[in-house]
$ cat protein-v6.cif   # mmCIF, C-alpha atoms
data_structure
loop_
_atom_site.label_atom_id
_atom_site.label_comp_id
_atom_site.auth_asym_id
_atom_site.auth_seq_id
_atom_site.Cartn_x
_atom_site.Cartn_y
_atom_site.Cartn_z
CA MET A 1 110.12 55.57 114.43
CA ARG A 2 108.54 58.72 115.78
CA THR A 3 105.45 59.70 113.82
CA PRO A 4 104.72 63.17 112.39
CA ALA A 5 101.95 63.64 114.98
CA SER A 6 104.32 62.84 117.85
CA LEU A 7 106.75 65.41 116.41
CA GLY A 8 104.04 68.07 116.42
CA TYR A 9 103.13 68.01 112.72
CA ARG A 10 99.65 68.31 111.22
CA MET A 11 98.32 68.53 107.68
CA PRO A 12 97.21 72.13 107.04
CA ALA A 13 93.94 72.92 105.29
CA GLU A 14 94.24 73.73 101.61
CA TRP A 15 93.20 77.35 102.14
CA GLU A 16 96.10 78.01 104.52
CA PRO A 17 98.93 80.04 102.88
CA HIS A 18 100.96 78.22 100.23
CA ALA A 19 104.63 78.51 99.46
CA ALA A 20 103.96 76.85 96.10
CA SER A 21 101.89 74.43 94.06
CA TRP A 22 103.29 71.26 92.48
CA LEU A 23 102.19 69.96 89.07
CA ALA A 24 103.58 67.65 86.37
CA TRP A 25 103.43 68.52 82.69
CA PRO A 26 101.19 66.14 80.66
CA HIS A 27 103.01 63.58 78.55
CA ASN A 28 101.21 60.23 78.82
CA HIS A 29 98.98 60.10 75.73
CA THR A 30 97.26 56.93 76.97
CA ASP A 31 95.57 58.95 79.71
CA TRP A 32 93.70 60.93 77.02
CA PRO A 33 93.45 58.45 74.13
CA GLY A 34 92.60 60.23 70.92
CA LYS A 35 92.23 63.59 72.67
CA PHE A 36 95.67 64.60 73.93
CA GLN A 37 96.18 67.67 71.73
CA PRO A 38 94.21 70.21 73.86
CA ILE A 39 95.51 68.95 77.22
CA PRO A 40 98.79 70.96 77.38
CA TRP A 41 96.78 74.13 76.71
CA VAL A 42 94.41 73.33 79.60
CA TYR A 43 97.45 72.85 81.82
CA ALA A 44 98.92 76.11 80.59
CA GLU A 45 95.79 77.99 81.61
CA ILE A 46 95.90 76.41 85.07
CA VAL A 47 99.61 77.13 85.52
CA ARG A 48 99.17 80.69 84.24
CA ASN A 49 96.56 81.43 86.90
CA LEU A 50 98.53 79.78 89.68
CA ALA A 51 101.73 81.64 88.77
CA GLU A 52 99.89 84.91 89.35
CA VAL A 53 99.45 84.09 93.05
CA GLU A 54 102.26 81.71 94.03
CA THR A 55 105.34 79.84 92.87
CA VAL A 56 104.66 76.83 90.65
CA HIS A 57 106.94 73.78 90.70
CA LEU A 58 106.50 71.98 87.38
CA ILE A 59 107.82 68.46 86.84
CA VAL A 60 108.90 67.66 83.28
CA GLN A 61 110.31 64.46 81.80
CA ASN A 62 113.47 65.84 80.20
CA PRO A 63 114.99 68.94 78.52
CA VAL A 64 112.92 68.41 75.37
CA GLU A 65 109.66 68.41 77.30
CA GLU A 66 110.79 71.44 79.28
CA ARG A 67 111.31 73.37 76.04
CA GLN A 68 107.87 72.29 74.83
CA ALA A 69 106.27 73.33 78.12
CA ARG A 70 108.02 76.69 78.11
CA ARG A 71 106.79 77.34 74.56
CA VAL A 72 103.16 76.54 75.41
CA LEU A 73 103.26 78.43 78.69
CA GLY A 74 104.84 81.43 77.02
CA LYS A 75 102.14 81.56 74.37
CA ALA A 76 99.50 81.29 77.10
CA GLY A 77 100.96 84.30 78.89
CA ALA A 78 102.24 82.51 81.99
CA ASP A 79 104.90 84.25 84.10
CA LEU A 80 107.84 81.92 83.52
CA ASP A 81 109.81 83.64 86.29
CA ARG A 82 107.32 82.20 88.80
CA ILE A 83 107.71 78.63 87.47
CA ALA A 84 110.50 76.27 88.58
CA PHE A 85 111.10 73.30 86.27
CA HIS A 86 112.31 69.94 87.55
CA ARG A 87 113.46 67.24 85.14
CA TRP A 88 112.17 64.10 86.83
CA PRO A 89 110.53 61.19 84.97
CA THR A 90 106.95 60.34 85.92
CA ASN A 91 104.32 57.87 84.76
CA ARG A 92 101.39 60.27 84.96
CA VAL A 93 100.47 63.81 85.96
CA TRP A 94 98.23 63.31 89.01
CA THR A 95 100.49 64.88 91.62
CA ARG A 96 97.63 65.06 94.12
CA ASP A 97 97.84 61.31 94.45
CA TYR A 98 101.55 60.53 94.21
CA GLY A 99 103.20 63.75 95.38
CA PRO A 100 104.25 64.27 98.99
CA ILE A 101 101.60 65.31 101.47
CA PHE A 102 103.13 68.21 103.37
CA VAL A 103 102.69 68.59 107.11
CA LYS A 104 103.53 71.58 109.26
CA ARG A 105 104.32 72.53 112.83
CA SER A 106 104.14 76.17 113.84
CA ASP A 107 105.93 76.07 117.18
CA HIS A 108 109.31 74.82 115.94
CA LYS A 109 112.06 76.92 114.36
CA THR A 110 113.71 73.83 112.89
CA ASP A 111 111.97 71.76 110.21
CA PRO A 112 108.63 73.61 110.30
CA VAL A 113 107.51 71.71 107.19
CA ALA A 114 108.02 68.04 106.36
CA ALA A 115 106.97 65.72 103.53
CA VAL A 116 105.06 62.55 104.37
CA ASN A 117 105.92 59.81 101.91
CA PHE A 118 102.91 57.57 101.39
CA VAL A 119 103.24 54.76 98.87
CA PHE A 120 101.53 55.26 95.52
CA ASN A 121 100.58 52.14 93.55
CA ALA A 122 98.40 53.65 90.79
CA TRP A 123 95.16 53.28 92.73
CA ALA A 124 95.80 49.54 93.18
CA LYS A 125 94.81 49.17 89.53
CA TYR A 126 97.58 49.91 87.02
CA PRO A 127 101.12 48.47 86.70
CA ASP A 128 102.97 51.69 85.83
CA TRP A 129 103.56 53.68 89.01
CA LYS A 130 107.17 53.27 90.13
CA LEU A 131 108.40 56.57 88.67
CA ASP A 132 105.53 58.44 90.31
CA ASN A 133 106.28 56.77 93.62
CA GLN A 134 109.77 58.35 93.63
CA ILE A 135 108.50 61.93 93.55
CA PRO A 136 108.01 62.52 97.33
CA ALA A 137 111.63 61.61 98.03
CA ARG A 138 112.84 63.85 95.19
CA VAL A 139 110.76 66.78 96.45
CA ALA A 140 111.93 66.40 100.05
CA LYS A 141 115.57 66.27 98.95
CA LEU A 142 115.18 69.31 96.69
CA LEU A 143 113.51 71.38 99.43
CA GLY A 144 115.85 70.15 102.16
CA ILE A 145 112.99 69.09 104.43
CA PRO A 146 112.49 65.87 106.41
CA ARG A 147 110.91 62.94 104.58
CA LEU A 148 108.70 60.88 106.86
CA ASP A 149 107.89 57.44 105.44
CA ALA A 150 104.41 56.22 106.32
CA SER A 151 103.72 52.65 107.37
CA ILE A 152 100.81 50.65 108.71
CA ASP A 153 101.27 47.38 110.61
CA GLY A 154 104.90 47.28 109.56
CA ARG A 155 104.11 47.70 105.84
CA PRO A 156 104.26 50.83 103.69
CA PHE A 157 101.01 52.79 103.96
CA VAL A 158 99.33 53.28 100.56
CA LEU A 159 97.36 56.53 100.40
CA GLU A 160 96.50 59.02 97.67
CA GLY A 161 96.00 62.71 98.35
CA GLY A 162 92.69 62.68 96.48
CA SER A 163 91.26 60.17 98.94
CA ILE A 164 91.35 62.62 101.86
CA ASP A 165 90.37 66.22 102.63
CA VAL A 166 91.20 68.02 105.89
CA ASN A 167 89.99 71.07 107.77
CA GLY A 168 93.40 71.77 109.32
CA ARG A 169 91.99 71.39 112.84
CA GLY A 170 92.09 67.61 113.12
CA THR A 171 89.23 66.26 110.98
CA VAL A 172 89.72 64.16 107.86
CA LEU A 173 87.07 63.40 105.25
CA THR A 174 87.37 60.15 103.29
CA THR A 175 85.27 57.31 101.88
CA GLU A 176 84.73 53.71 102.81
CA GLU A 177 84.66 52.83 99.13
CA CYS A 178 88.25 53.94 98.69
CA LEU A 179 90.02 53.07 101.94
CA LEU A 180 87.99 50.09 103.19
CA SER A 181 86.71 48.29 100.10
CA GLU A 182 88.26 45.04 98.90
CA THR A 183 88.05 46.42 95.35
CA GLN A 184 91.26 48.27 94.41
CA GLN A 185 92.38 47.48 97.93
CA ARG A 186 95.23 49.73 99.05
CA ASN A 187 96.14 48.23 102.41
CA PRO A 188 94.92 44.61 102.60
CA GLY A 189 94.03 43.48 106.08
CA ALA A 190 94.05 46.97 107.60
CA SER A 191 90.93 47.60 109.68
CA ARG A 192 89.00 50.87 109.92
CA ALA A 193 90.46 51.47 113.38
CA ARG A 194 94.01 50.82 112.16
CA ILE A 195 93.61 53.20 109.22
CA GLU A 196 92.20 55.87 111.52
CA GLN A 197 95.22 55.45 113.79
CA ALA A 198 97.56 55.79 110.79
CA LEU A 199 95.76 58.96 109.66
CA HIS A 200 96.29 60.31 113.17
CA ASP A 201 99.96 59.33 113.20
CA TYR A 202 100.87 60.80 109.82
CA LEU A 203 98.42 63.67 109.31
CA GLY A 204 97.60 64.66 112.88
CA ALA A 205 93.95 63.64 112.49
CA ARG A 206 91.87 63.46 115.65
CA HIS A 207 88.61 62.63 113.92
CA VAL A 208 87.73 60.81 110.68
CA ILE A 209 84.45 61.24 108.80
CA TRP A 210 83.69 58.24 106.58
CA LEU A 211 81.30 58.79 103.69
CA PRO A 212 80.07 55.66 101.90
CA ARG A 213 80.71 56.11 98.18
CA GLY A 214 82.12 58.27 95.41
CA ILE A 215 80.66 59.12 92.00
CA ALA A 216 80.02 57.15 88.82
CA GLY A 217 82.96 57.00 86.44
CA ASP A 218 85.55 57.51 89.18
CA ASP A 219 88.55 55.37 88.22
CA THR A 220 90.01 55.70 91.72
CA HIS A 221 87.07 53.90 93.36
CA GLY A 222 85.78 56.59 95.67
CA HIS A 223 88.04 59.62 95.98
CA ILE A 224 86.64 62.25 98.30
CA ASP A 225 87.70 65.23 96.16
CA ASP A 226 84.84 64.58 93.74
CA ILE A 227 82.10 64.52 96.37
CA ALA A 228 82.82 66.57 99.53
CA ARG A 229 85.33 69.30 100.38
CA PHE A 230 86.02 71.44 103.39
CA THR A 231 85.66 75.16 102.62
CA SER A 232 86.33 76.28 106.21
CA PRO A 233 87.09 74.42 109.46
CA GLY A 234 83.38 73.86 110.10
CA THR A 235 81.91 73.88 106.60
CA VAL A 236 81.73 71.18 103.93
CA ALA A 237 80.63 71.63 100.33
CA ALA A 238 78.82 68.44 99.31
CA ALA A 239 78.02 67.42 95.75
CA VAL A 240 74.33 66.71 95.07
CA GLU A 241 72.55 65.22 92.07
CA ARG A 242 68.93 66.37 91.60
CA ASN A 243 68.06 63.88 88.86
CA ARG A 244 66.66 60.84 90.64
CA HIS A 245 67.37 58.66 87.62
CA ASP A 246 71.09 59.43 87.61
CA PRO A 247 73.32 56.78 89.25
CA ASN A 248 74.90 59.51 91.38
CA HIS A 249 71.61 60.56 92.99
CA ASP A 250 71.32 57.98 95.75
CA PRO A 251 75.01 57.82 96.78
CA LEU A 252 75.29 61.59 96.97
CA ALA A 253 71.98 61.87 98.84
CA ASN A 254 73.28 59.35 101.39
CA ASN A 255 76.52 61.32 101.75
CA LEU A 256 74.57 64.54 102.26
CA LYS A 257 72.33 62.99 104.91
CA GLN A 258 75.33 61.69 106.79
CA LEU A 259 77.14 65.03 106.68
CA HIS A 260 74.12 66.79 108.15
CA SER A 261 74.33 64.52 111.18
CA THR A 262 78.13 64.59 111.51
CA ARG A 263 80.25 66.63 113.88
CA ASP A 264 83.83 67.86 113.77
CA GLN A 265 86.80 67.01 115.97
CA ASP A 266 85.41 69.15 118.79
CA GLY A 267 81.86 67.80 118.62
CA ARG A 268 80.42 70.79 116.74
CA GLN A 269 77.78 70.34 114.06
CA LEU A 270 79.09 70.86 110.55
CA THR A 271 77.60 73.42 108.21
CA VAL A 272 76.85 71.75 104.86
CA ILE A 273 76.49 73.68 101.62
CA GLU A 274 75.23 71.97 98.48
CA LEU A 275 77.22 71.98 95.27
CA PRO A 276 75.38 70.82 92.13
CA MET A 277 76.69 68.16 89.81
CA PRO A 278 77.08 68.89 86.09
CA ARG A 279 74.95 66.99 83.64
CA PRO A 280 76.35 63.53 82.78
CA LEU A 281 79.46 63.83 80.66
CA VAL A 282 80.10 60.86 78.36
CA PHE A 283 82.91 60.35 75.86
CA ALA A 284 83.46 57.26 73.71
CA GLY A 285 80.59 55.62 75.57
CA GLN A 286 82.24 56.09 78.98
CA ARG A 287 80.74 58.06 81.89
CA LEU A 288 83.34 60.53 83.13
CA PRO A 289 83.81 61.69 86.75
CA ALA A 290 82.95 65.33 86.13
CA SER A 291 82.40 67.22 89.38
CA TYR A 292 82.63 70.82 90.51
CA ALA A 293 83.99 69.58 93.85
CA ASN A 294 87.36 68.99 92.18
CA PHE A 295 88.34 72.64 92.70
CA TYR A 296 91.75 73.77 93.93
CA ILE A 297 92.25 76.46 96.58
CA ALA A 298 95.38 78.53 95.89
CA ASN A 299 96.59 81.79 97.43
CA ARG A 300 93.88 84.36 96.80
CA CYS A 301 92.10 82.32 94.11
CA VAL A 302 90.10 79.13 93.65
CA LEU A 303 90.32 77.29 90.34
CA VAL A 304 87.00 75.58 89.58
CA PRO A 305 86.37 73.02 86.81
CA VAL A 306 83.54 73.91 84.46
CA PHE A 307 82.02 71.91 81.62
CA ASN A 308 80.01 74.29 79.39
CA ASP A 309 77.00 73.25 81.45
CA PRO A 310 74.00 75.23 82.75
CA HIS A 311 75.07 74.28 86.28
CA ASP A 312 78.46 75.97 85.86
CA ARG A 313 77.12 79.35 86.98
CA VAL A 314 75.43 77.91 90.07
CA ALA A 315 78.56 76.04 91.10
CA LEU A 316 80.77 79.11 90.64
CA ASP A 317 78.39 81.17 92.79
CA VAL A 318 78.48 78.53 95.55
CA VAL A 319 82.28 78.49 95.55
CA ALA A 320 82.48 82.28 95.44
CA GLU A 321 80.20 82.56 98.48
CA ALA A 322 82.32 80.01 100.34
CA PHE A 323 85.55 81.89 99.58
CA PRO A 324 84.64 85.61 99.62
CA GLU A 325 88.28 86.73 99.87
CA HIS A 326 89.39 84.69 96.85
CA SER A 327 88.85 85.28 93.17
CA VAL A 328 87.04 82.36 91.54
CA VAL A 329 88.54 81.26 88.22
CA PRO A 330 86.59 78.87 85.97
CA ILE A 331 88.72 76.42 83.99
CA TYR A 332 87.10 74.48 81.16
CA CYS A 333 87.73 70.79 81.90
CA GLY A 334 85.54 69.05 79.32
CA ASP A 335 88.66 67.71 77.61
CA LEU A 336 90.78 67.26 80.74
CA ILE A 337 88.20 65.01 82.44
CA TRP A 338 88.67 62.39 79.69
CA GLY A 339 91.84 61.59 81.66
CA LEU A 340 89.51 60.79 84.61
CA GLY A 341 90.80 63.66 86.71
CA ALA A 342 90.49 67.43 86.93
CA ILE A 343 92.11 70.41 88.67
CA HIS A 344 92.43 69.11 92.21
CA CYS A 345 93.80 65.79 90.96
CA MET A 346 96.70 67.47 89.16
CA THR A 347 97.81 69.87 91.91
CA GLN A 348 99.47 69.51 95.30
CA GLN A 349 99.93 72.41 97.71
CA GLN A 350 103.15 73.13 99.59
CA PRO A 351 102.36 75.11 102.76
CA GLU A 352 104.15 78.31 103.60
#

$ encode --input "protein-v6.cif" --output "structure tokens"
Amino acid sequence: MRTPASLGYRMPAEWEPHAASWLAWPHNHTDWPGKFQPIPWVYAEIVRNLAEVETVHLIVQNPVEERQARRVLGKAGADLDRIAFHRWPTNRVWTRDYGPIFVKRSDHKTDPVAAVNFVFNAWAKYPDWKLDNQIPARVAKLLGIPRLDASIDGRPFVLEGGSIDVNGRGTVLTTEECLLSETQQRNPGASRARIEQALHDYLGARHVIWLPRGIAGDDTHGHIDDIARFTSPGTVAAAVERNRHDPNHDPLANNLKQLHSTRDQDGRQLTVIELPMPRPLVFAGQRLPASYANFYIANRCVLVPVFNDPHDRVALDVVAEAFPEHSVVPIYCGDLIWGLGAIHCMTQQQPE
């Protein structure tokens, strides 16, 4: 099978123009045990802001859930004319991880955009994932674009969108903890070199930057979108923890040190900007993976998670400086993060 890279496709950076954003309406109460009631309203605020700048594709379970979503979105003031509803069953709402990863080629009139279908297996941790795993094929069929199934060593390639971040020029950021660890192992037996080759084949990556570890409380075991994000082709925003007694201090300091000595696909030194971490957020005795790095870059705006924390203002200023042509929209995620994910985890961009 010819790979996306051999066909001229690459994964665009998140700040490149979107045709739409994909989300799934919250329905699985077990993701927010005892605290589900505010979650649809958080989603409504996110969808409302996105619908102001681009089309929103919203996956719902059935007609009943669609009516419920329309009611909540209407009360929140969302532009329902900019929202397309799709009645497809899912297990969870984290479309970043199970939705298709779109790739693009600019020099072809036919099939300029395609959907890469990586396998999703609920972070190699949970048994309920088969409905989620069907979404890339459904999206590709709906949009009438090619679906390119990813494999590695003759087996389906397991990869979540939250485990990678790209600069659109050929560099991928990821972590060893997620893609190479034997804990929550996605692709048993696949070496670092083989995974790098697969990232090249399916995303057009020419260079992979491996950071060691993610943050405390991360149920995914090391997703990159909580610790380091590209904000331009040569700039990375890196999460830092100033409190030396916090379990995130040393891992994030090691990541920062490595980024300062890392180069991009063309051998150029990266510019690294520091993004603070919020104070530890704990609910029901559990440390939650709260991070400002879990922002989402949409057309003309960046949605940033905030936590009613003194560091919120600093983080918003950092993001605003990194994206001077975008409006920066804070979204309170103190309730949402109890589901162990935030704004970036629940969104997936479809390139223009």

$ atom_distance --input "protein-v6.cif" --atom1 "CA of Gln265 in chain A" --atom2 "CA of Asp225 in chain A"
19.9 Å

$ residues_around --input "protein-v6.cif" --residues "range 239-251 of chain A" --least-positions-apart "3" --cutoff "7 Å" --atoms "all atoms listed in the file" --output "list in words"
Arg213, Ile215, Ala216, Ile227, Ala228, Asn254, Asn255, Glu274, Leu275, Pro276, Met277 and Ala293 of chain A

$ closest_residue --input "protein-v6.cif" --among "A:Gly234, A:Pro100, A:Pro305, A:Pro310" --to "Gly267 in chain A" --atoms "only C-alpha atoms"
A:Gly234

$ resolve_selection --input "protein-v6.cif" --expression "the PyMOL selection byres ((chain A and resi 126) around 12)" --output "PyMOL selection string"
chain A and resi 31+91-92+120-125+127-130+184+219-220

$ closest_residue --input "protein-v6.cif" --among "A:Gly170, A:Gly144, A:Pro40, A:Gly99" --to "Arg263 in chain A" --atoms "all atoms listed in the file"
A:Gly170

$ residues_around --input "protein-v6.cif" --residues "range 141-143 of chain A" --least-positions-apart "4" --cutoff "10 Å" --atoms "all atoms listed in the file" --output "number ranges by chain"
A: 86, 113-115, 135-137, 147

$ residues_around --input "protein-v6.cif" --residues "Ala315 in chain A" --least-positions-apart "6" --cutoff "12 Å" --atoms "all atoms listed in the file" --output "PyMOL selection string"
chain A and resi 237-240+273-278+291-295+303-309+321-322+328-330

$ write_last_selection --input "protein-v6.cif" --atoms "C-alpha atoms" --output "tab-separated table (two decimals), keeping the file's coordinate frame"
chain	number	residue	atom	x	y	z
A	237	ALA	CA	80.63	71.63	100.33
A	238	ALA	CA	78.82	68.44	99.31
A	239	ALA	CA	78.02	67.42	95.75
A	240	VAL	CA	74.33	66.71	95.07
A	273	ILE	CA	76.49	73.68	101.62
A	274	GLU	CA	75.23	71.97	98.48
A	275	LEU	CA	77.22	71.98	95.27
A	276	PRO	CA	75.38	70.82	92.13
A	277	MET	CA	76.69	68.16	89.81
A	278	PRO	CA	77.08	68.89	86.09
A	291	SER	CA	82.40	67.22	89.38
A	292	TYR	CA	82.63	70.82	90.51
A	293	ALA	CA	83.99	69.58	93.85
A	294	ASN	CA	87.36	68.99	92.18
A	295	PHE	CA	88.34	72.64	92.70
A	303	LEU	CA	90.32	77.29	90.34
A	304	VAL	CA	87.00	75.58	89.58
A	305	PRO	CA	86.37	73.02	86.81
A	306	VAL	CA	83.54	73.91	84.46
A	307	PHE	CA	82.02	71.91	81.62
A	308	ASN	CA	80.01	74.29	79.39
A	309	ASP	CA	77.00	73.25	81.45
A	321	GLU	CA	80.20	82.56	98.48
A	322	ALA	CA	82.32	80.01	100.34
A	328	VAL	CA	87.04	82.36	91.54
A	329	VAL	CA	88.54	81.26	88.22
A	330	PRO	CA	86.59	78.87	85.97

$ closest_residue --input "protein-v6.cif" --among "A:Gln197, A:Ala298, A:Pro156, A:His311" --to "Val47 in chain A" --atoms "all atoms listed in the file"
A:Ala298

$ closest_residue --input "protein-v6.cif" --among "A:Leu73, A:Ile101, A:Val42, A:Leu23" --to "Ala140 in chain A" --atoms "all atoms listed in the file"
A:Ile101

$ resolve_selection --input "protein-v6.cif" --expression "the PyMOL selection byres ((chain A and resi 326) around 9)" --output "NGL selection string"
:A and (297-302 or 320 or 323-325 or 327-328)

$ residues_around --input "protein-v6.cif" --residues "Gln349 in chain A" --least-positions-apart "3" --cutoff "12 Å" --atoms "only C-alpha atoms" --output "VMD selection string"
chain A and resid 11 to 23 50 54 to 57 95 to 97 99 to 103 115 161 296 to 299 344 to 346 352

$ resolve_selection --input "protein-v6.cif" --expression "the PyMOL selection byres ((chain A and resi 155) around 12)" --output "ChimeraX atom specification"
/A:118-119,149-154,156-158,186-190,198

$ atom_distance --input "protein-v6.cif" --atom1 "CA of Val116 in chain A" --atom2 "CA of Asp165 in chain A"
15.2 Å

$ closest_residue --input "protein-v6.cif" --among "A:Thr90, A:Val314, A:Val166, A:Leu281" --to "Thr231 in chain A" --atoms "all atoms listed in the file"
A:Val166

$ atom_distance --input "protein-v6.cif" --atom1 "CA of Val208 in chain A" --atom2 "CA of Val172 in chain A"
4.8 Å

$ axis_aligned_box --input "protein-v6.cif" --around "range 99-110 of chain A" --padding-each-side "8 Å" --output "lines of an AutoDock Vina configuration file"
center_x = 107.7
center_y = 70.3
center_z = 106.3
size_x = 28.1
size_y = 29.2
size_z = 37.8
